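Text of work-v7.cif (mmCIF, C-alpha atoms and all ligand atoms) as supplied:
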```
data_start
#
loop_
_atom_site.label_atom_id
_atom_site.label_comp_id
_atom_site.auth_asym_id
_atom_site.auth_seq_id
_atom_site.Cartn_x
_atom_site.Cartn_y
_atom_site.Cartn_z
CA MET A 259 117.53 97.34 104.13
CA THR A 260 117.81 100.36 106.46
CA LYS A 261 115.36 103.17 105.93
CA LYS A 262 116.62 106.01 103.77
CA LEU A 263 117.02 109.45 105.36
CA LYS A 264 114.51 111.87 103.92
CA VAL A 265 116.19 115.16 103.03
CA ALA A 266 114.71 118.49 101.90
CA THR A 267 116.73 121.46 100.68
CA VAL A 268 115.80 125.02 99.82
CA SER A 269 117.40 128.27 98.73
CA LEU A 270 115.91 131.34 100.46
CA ALA A 271 117.85 134.61 100.02
CA GLY A 272 120.83 132.79 98.56
CA CYS A 273 122.52 132.42 95.18
CA PHE A 274 122.28 128.61 94.78
CA GLY A 275 126.07 128.47 95.17
CA CYS A 276 125.69 126.26 98.24
CA HIS A 277 123.51 123.85 96.26
CA MET A 278 126.10 123.83 93.46
CA SER A 279 128.83 123.03 95.96
CA PHE A 280 126.70 120.18 97.33
CA LEU A 281 126.47 118.76 93.80
CA ASP A 282 130.27 118.98 93.59
CA ILE A 283 130.45 115.78 95.65
CA ASP A 284 130.26 114.39 92.08
CA GLU A 285 130.30 110.58 91.90
CA ARG A 286 129.69 110.36 95.65
CA LEU A 287 126.10 111.39 94.77
CA LEU A 288 125.60 107.79 93.62
CA GLU A 289 126.57 106.50 97.04
CA LEU A 290 124.52 109.21 98.74
CA ILE A 291 121.39 108.30 96.85
CA GLU A 292 121.66 104.76 98.30
CA HIS A 293 121.12 106.25 101.73
CA ILE A 294 118.94 109.30 101.27
CA GLU A 295 115.81 110.27 99.40
CA PHE A 296 115.07 113.87 98.42
CA ASP A 297 111.82 115.58 99.36
CA ARG A 298 111.28 119.25 98.42
CA SER A 299 114.47 120.51 96.80
CA PRO A 300 115.65 122.24 93.61
CA LEU A 301 116.80 118.72 92.73
CA THR A 302 113.19 117.46 92.63
CA ASP A 303 109.94 118.99 91.45
CA ILE A 304 108.27 118.67 94.86
CA LYS A 305 106.72 122.01 95.81
CA THR A 306 105.88 121.55 99.51
CA VAL A 307 108.03 120.07 102.21
CA GLY A 308 106.86 116.79 103.79
CA GLU A 309 107.97 115.05 106.97
CA CYS A 310 111.78 114.85 106.73
CA ASP A 311 114.76 113.74 108.76
CA LEU A 312 116.93 116.59 107.54
CA GLY A 313 116.35 120.07 106.14
CA LEU A 314 119.23 121.97 104.54
CA ILE A 315 118.60 125.73 104.36
CA GLU A 316 120.64 127.91 102.01
CA GLY A 317 120.19 131.68 102.27
CA GLY A 318 118.86 134.08 104.86
CA LEU A 319 115.50 135.82 105.06
CA CYS A 320 114.81 138.83 102.85
CA ASN A 321 111.05 138.58 102.38
CA ALA A 322 107.86 137.22 103.95
CA GLU A 323 107.84 134.13 101.72
CA ASN A 324 111.32 133.18 102.97
CA VAL A 325 110.00 133.29 106.54
CA GLU A 326 106.97 131.16 105.66
CA VAL A 327 109.08 128.53 103.89
CA LEU A 328 111.61 128.45 106.73
CA ARG A 329 108.85 127.91 109.31
CA ALA A 330 107.41 125.07 107.19
CA PHE A 331 110.86 123.43 107.01
CA ARG A 332 111.32 123.77 110.78
CA ALA A 333 107.93 122.17 111.40
CA ALA A 334 108.59 119.31 108.96
CA CYS A 335 112.28 118.50 109.55
CA LYS A 336 113.66 116.71 112.61
CA THR A 337 117.07 118.27 112.07
CA LEU A 338 117.54 121.70 110.49
CA VAL A 339 120.89 122.90 109.14
CA ALA A 340 121.94 126.46 108.28
CA VAL A 341 124.05 125.94 105.16
CA GLY A 342 126.50 128.68 104.23
CA ALA A 343 127.17 132.26 105.26
CA CYS A 344 123.83 133.67 104.08
CA ALA A 345 121.80 131.30 106.25
CA ILE A 346 124.18 131.66 109.20
CA ASN A 347 124.66 135.45 109.29
CA GLY A 348 122.78 136.93 106.32
CA GLY A 349 125.85 136.87 104.06
CA LEU A 350 126.10 139.10 100.99
CA PRO A 351 122.37 139.98 100.80
CA ALA A 352 122.65 141.44 104.33
CA GLN A 353 124.96 144.14 102.98
CA ARG A 354 121.79 146.11 102.26
CA ASN A 355 121.01 146.21 105.98
CA HIS A 356 122.81 149.51 106.57
CA LEU A 357 120.77 151.22 103.83
CA PRO A 358 117.15 152.37 104.05
CA LEU A 359 114.97 150.09 101.93
CA ARG A 360 112.81 152.58 100.01
CA PRO A 361 115.62 154.73 98.49
CA LEU A 362 117.48 151.53 97.67
CA LEU A 363 114.49 150.13 95.76
CA GLU A 364 114.01 153.44 93.93
CA ALA A 365 117.65 153.42 92.86
CA VAL A 366 117.43 149.84 91.60
CA TYR A 367 114.07 150.37 89.84
CA PRO A 368 114.25 153.93 88.39
CA GLY A 369 111.21 153.18 86.20
CA GLY A 370 109.02 152.37 89.20
CA VAL A 371 109.30 149.92 92.06
CA PRO A 372 107.32 146.73 91.26
CA ASN A 373 104.30 146.44 93.55
CA ASP A 374 102.38 143.47 92.18
CA PRO A 375 100.46 141.89 95.10
CA GLU A 376 101.82 138.51 93.97
CA LEU A 377 105.33 139.63 94.98
CA PRO A 378 106.38 138.63 98.50
CA LEU A 379 106.68 141.50 100.96
CA LEU A 380 110.31 142.58 101.39
CA LEU A 381 111.64 142.72 104.94
CA ASN A 382 113.39 145.93 106.00
CA GLN A 383 116.49 143.92 106.82
CA VAL A 384 117.95 140.56 105.80
CA HIS A 385 118.03 138.15 108.73
CA PRO A 386 119.95 134.94 109.46
CA ILE A 387 117.64 131.98 109.95
CA HIS A 388 118.47 131.43 113.62
CA GLU A 389 116.67 134.69 114.42
CA VAL A 390 113.38 133.06 113.43
CA VAL A 391 113.66 129.31 114.10
CA GLN A 392 115.84 127.01 116.14
CA VAL A 393 118.77 125.70 114.11
CA ASP A 394 120.41 122.38 114.97
CA TYR A 395 123.66 122.64 112.99
CA SER A 396 125.56 125.18 110.91
CA LEU A 397 127.70 124.32 107.92
CA PRO A 398 129.88 127.42 107.39
CA GLY A 399 131.46 128.75 104.21
CA CYS A 400 130.53 130.71 101.12
CA PRO A 401 129.90 128.08 100.05
CA PRO A 402 130.78 125.12 102.29
CA SER A 403 133.05 122.79 100.32
CA ALA A 404 131.78 119.59 98.74
CA ASP A 405 133.98 117.67 101.21
CA ALA A 406 132.32 119.49 104.10
CA PHE A 407 128.88 118.47 102.78
CA TRP A 408 130.07 114.90 102.38
CA GLN A 409 131.61 114.72 105.85
CA PHE A 410 128.51 116.23 107.41
CA LEU A 411 126.06 113.92 105.62
CA THR A 412 128.07 110.74 106.11
CA ASP A 413 128.31 111.47 109.84
CA LEU A 414 124.53 111.94 110.02
CA MET A 415 123.85 108.82 107.94
CA ALA A 416 126.07 106.82 110.31
CA GLY A 417 124.20 108.19 113.33
CA ARG A 418 127.23 110.21 114.50
CA THR A 419 127.19 113.84 115.63
CA PRO A 420 128.54 115.71 112.59
CA ARG A 421 132.04 117.10 113.13
CA LEU A 422 133.97 119.07 110.54
CA VAL A 423 137.75 119.01 110.60
CA PRO A 424 139.39 122.47 110.97
CA ARG A 425 140.18 122.86 107.25
CA GLN A 426 136.46 122.44 106.49
CA MET A 427 135.51 125.14 109.03
CA HIS A 428 135.89 128.40 107.16
CA TYR A 429 133.63 131.43 106.95
CA ASP A 430 134.64 132.86 103.57
S1 LIG B 501 126.72 131.36 101.34
FE1 LIG B 501 127.74 132.09 99.46
S2 LIG B 501 127.42 130.41 98.00
FE2 LIG B 501 125.92 130.10 99.68
S3 LIG B 501 124.06 131.13 99.01
FE3 LIG B 501 125.24 132.63 100.20
S4 LIG B 501 126.46 133.76 98.67
FE4 LIG B 501 125.74 131.89 97.68
#
```
Could you quickly redo this structure as structure tokens?
Amino acid sequence: MTKKLKVATVSLAGCFGCHMSFLDIDERLLELIEHIEFDRSPLTDIKTVGECDLGLIEGGLCNAENVEVLRAFRAACKTLVAVGACAINGGLPAQRNHLPLRPLLEAVYPGGVPNDPELPLLLNQVHPIHEVVQVDYSLPGCPPSADAFWQFLTDLMAGRTPRLVPRQMHYD
């Protein structure tokens, strides 16, 4: 039996919509699970990423914890994929980038901005992941379609360079 691909997934500054779209491959999950095994992911209860063949990153970087997790994924994963608009260009969360952070926080938290030391430090701007680590592939869309996930993963599992057909390449 060929070795299963080890796959980790994470949502940084994202909405989990990309993960939901991934799950929309529906019954093809049964076939997928024959060929891959999940490491850290919202689909498992594994808290730290181990050595993996593939890391799928949803969301950009809005705080220091996002950066730390992204660096850990880059160190652990042979192939790293920016999944969806937020990971690729910051997406919706990056709409705050043209506003100064402090007044924005004060408007959102009129009763006092939370400052518990347990909370990760917010970055002044939301960044796409390629600004911090090298990214091997991008899977565009908000979110990428289930068919795009399937095409991408089946290409990788077959040892082919992933190629999306034009109808799967959209940025909305
Ligand atoms: S790309 Fe769209 S679906 Fe994916 S995390 Fe960002 S907002 Fe959500």
Please determine, counting only C-alpha atoms, which residue among A:Ala343, A:Leu359, A:Met427, A:Ala266 has the shortest atom-to-atom distance to Asp303 of chain A.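 Looking only at the distances to Asp303 of chain A, the closest residue turns out to be A:Ala266.
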Return the single residue from A:Glu389, A:Glu323, A:Glu309, A:Glu316 that is closest to ligand LIG 501 (chain B), with distances computed using all atoms listed in the file. A:Glu316
Contact check, segment 328-430 of chain A to segment 260-264 of chain A, at most 12 Å, counting all atoms listed in the file, closest pairs as JSON lines:
```
{"residue": "A:Ala334", "atom": "CA", "partner": "A:Lys264", "partner_atom": "CA", "distance": 10.8}
{"residue": "A:Cys335", "atom": "CA", "partner": "A:Lys264", "partner_atom": "CA", "distance": 9.0}
{"residue": "A:Lys336", "atom": "CA", "partner": "A:Lys264", "partner_atom": "CA", "distance": 10.0}
{"residue": "A:Thr337", "atom": "CA", "partner": "A:Lys264", "partner_atom": "CA", "distance": 10.7}
{"residue": "A:Leu411", "atom": "CA", "partner": "A:Leu263", "partner_atom": "CA", "distance": 10.1}
{"residue": "A:Thr412", "atom": "CA", "partner": "A:Leu263", "partner_atom": "CA", "distance": 11.2}
{"residue": "A:Leu414", "atom": "CA", "partner": "A:Leu263", "partner_atom": "CA", "distance": 9.2}
{"residue": "A:Met415", "atom": "CA", "partner": "A:Leu263", "partner_atom": "CA", "distance": 7.3}
{"residue": "A:Ala416", "atom": "CA", "partner": "A:Leu263", "partner_atom": "CA", "distance": 10.6}
{"residue": "A:Gly417", "atom": "CA", "partner": "A:Leu263", "partner_atom": "CA", "distance": 10.8}
```
Put those residues in a file: C-alpha atoms, as a PDB file, keeping the file's coordinate frame.
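Output (again35.pdb):
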```pdb
ATOM      1  CA  ALA A 334     108.590 119.310 108.960  1.00  0.00           C
ATOM      2  CA  CYS A 335     112.280 118.500 109.550  1.00  0.00           C
ATOM      3  CA  LYS A 336     113.660 116.710 112.610  1.00  0.00           C
ATOM      4  CA  THR A 337     117.070 118.270 112.070  1.00  0.00           C
ATOM      5  CA  LEU A 411     126.060 113.920 105.620  1.00  0.00           C
ATOM      6  CA  THR A 412     128.070 110.740 106.110  1.00  0.00           C
ATOM      7  CA  LEU A 414     124.530 111.940 110.020  1.00  0.00           C
ATOM      8  CA  MET A 415     123.850 108.820 107.940  1.00  0.00           C
ATOM      9  CA  ALA A 416     126.070 106.820 110.310  1.00  0.00           C
ATOM     10  CA  GLY A 417     124.200 108.190 113.330  1.00  0.00           C
TER      11      GLY A 417
END
```
From the list A:Pro375, A:Pro420, A:Pro402, A:Gly308, which residue is nearest ligand LIG 501 (chain B) when using only C-alpha atoms and all ligand atoms?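 Comparing A:Pro375, A:Pro420, A:Pro402, A:Gly308 against ligand LIG 501 (chain B), the winner is A:Pro402.
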Which residues are near ligand LIG 501 (chain B) in this structure, taking near to mean any atom at most 10 Å from a ligand atom and counting only C-alpha atoms and all ligand atoms? Format them as a PyMOL selection string. chain A and resi 269-279+315-318+340-351+397-403+429-430
Figure out the distance between atom CA of Leu422 of chain A and atom CA of Tyr395 of chain A, please, to one decimal in Å.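 Computing the Euclidean distance for atom CA of Tyr395 of chain A and atom CA of Leu422 of chain A yields 11.2 Å.
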Compare A:Leu338, A:Val423, A:Leu287, A:Val325 by their minimum atom-to-atom distance to Val390 of chain A, counting all atoms listed in the file, and give me the closest one.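 Smallest distance to Val390 of chain A is found for A:Val325.
Taking atom CA of Arg332 of chain A and atom CA of Val268 of chain A as endpoints, the distance between them is 11.9 Å.
Of note, atom CA of His385 of chain A and atom CA of Ile283 of chain A are spaced 28.7 Å apart.
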Show me, as a PyMOL selection string, the residues that have an atom within 12 Å of segment 355-358 of chain A when counting all atoms listed in the file, minus same-chain residues fewer than 2 positions from it. chain A and resi 319-320+347-353+360-365+381-386
Here is a test: counting only C-alpha atoms, which residue of A:Ser396, A:Asn324, A:Thr267, A:Ser299 is nearest to Val339 of chain A?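 That would be A:Ser396, the residue with the smallest distance to Val339 of chain A.
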Could the centre and edge lengths of an axis-aligned box, enclosing all atoms of segment 419-424 of chain A in the file with 4 Å extra on each side, be given in Å to one decimal as AutoDock Vina command-line options?
```
--center_x 133.3 --center_y 118.2 --center_z 113.1 --size_x 20.2 --size_y 16.6 --size_z 13.1
```
Near-Arg298 of chain A list (6 Å; all atoms listed in the file; drop same-chain fewer than 6 positions) as a list in words: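 My list of contacting residues is Ala266, Ile304, Lys305, Thr306 and Val307 of chain A.
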When you count all atoms listed in the file, which of these residues is closest to Ile294 of chain A: A:Cys310, A:Thr419, A:Asp405, A:Asp374?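 Result for the nearest residue to Ile294 of chain A: A:Cys310.
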Using all atoms listed in the file, which protein or nucleic acid residues come within 9 Å of Val391 of chain A? Drop anything in the same chain fewer than 4 positions from it, and give the result as a list in words. Leu328, Arg329, Arg332 and Ile387 of chain A
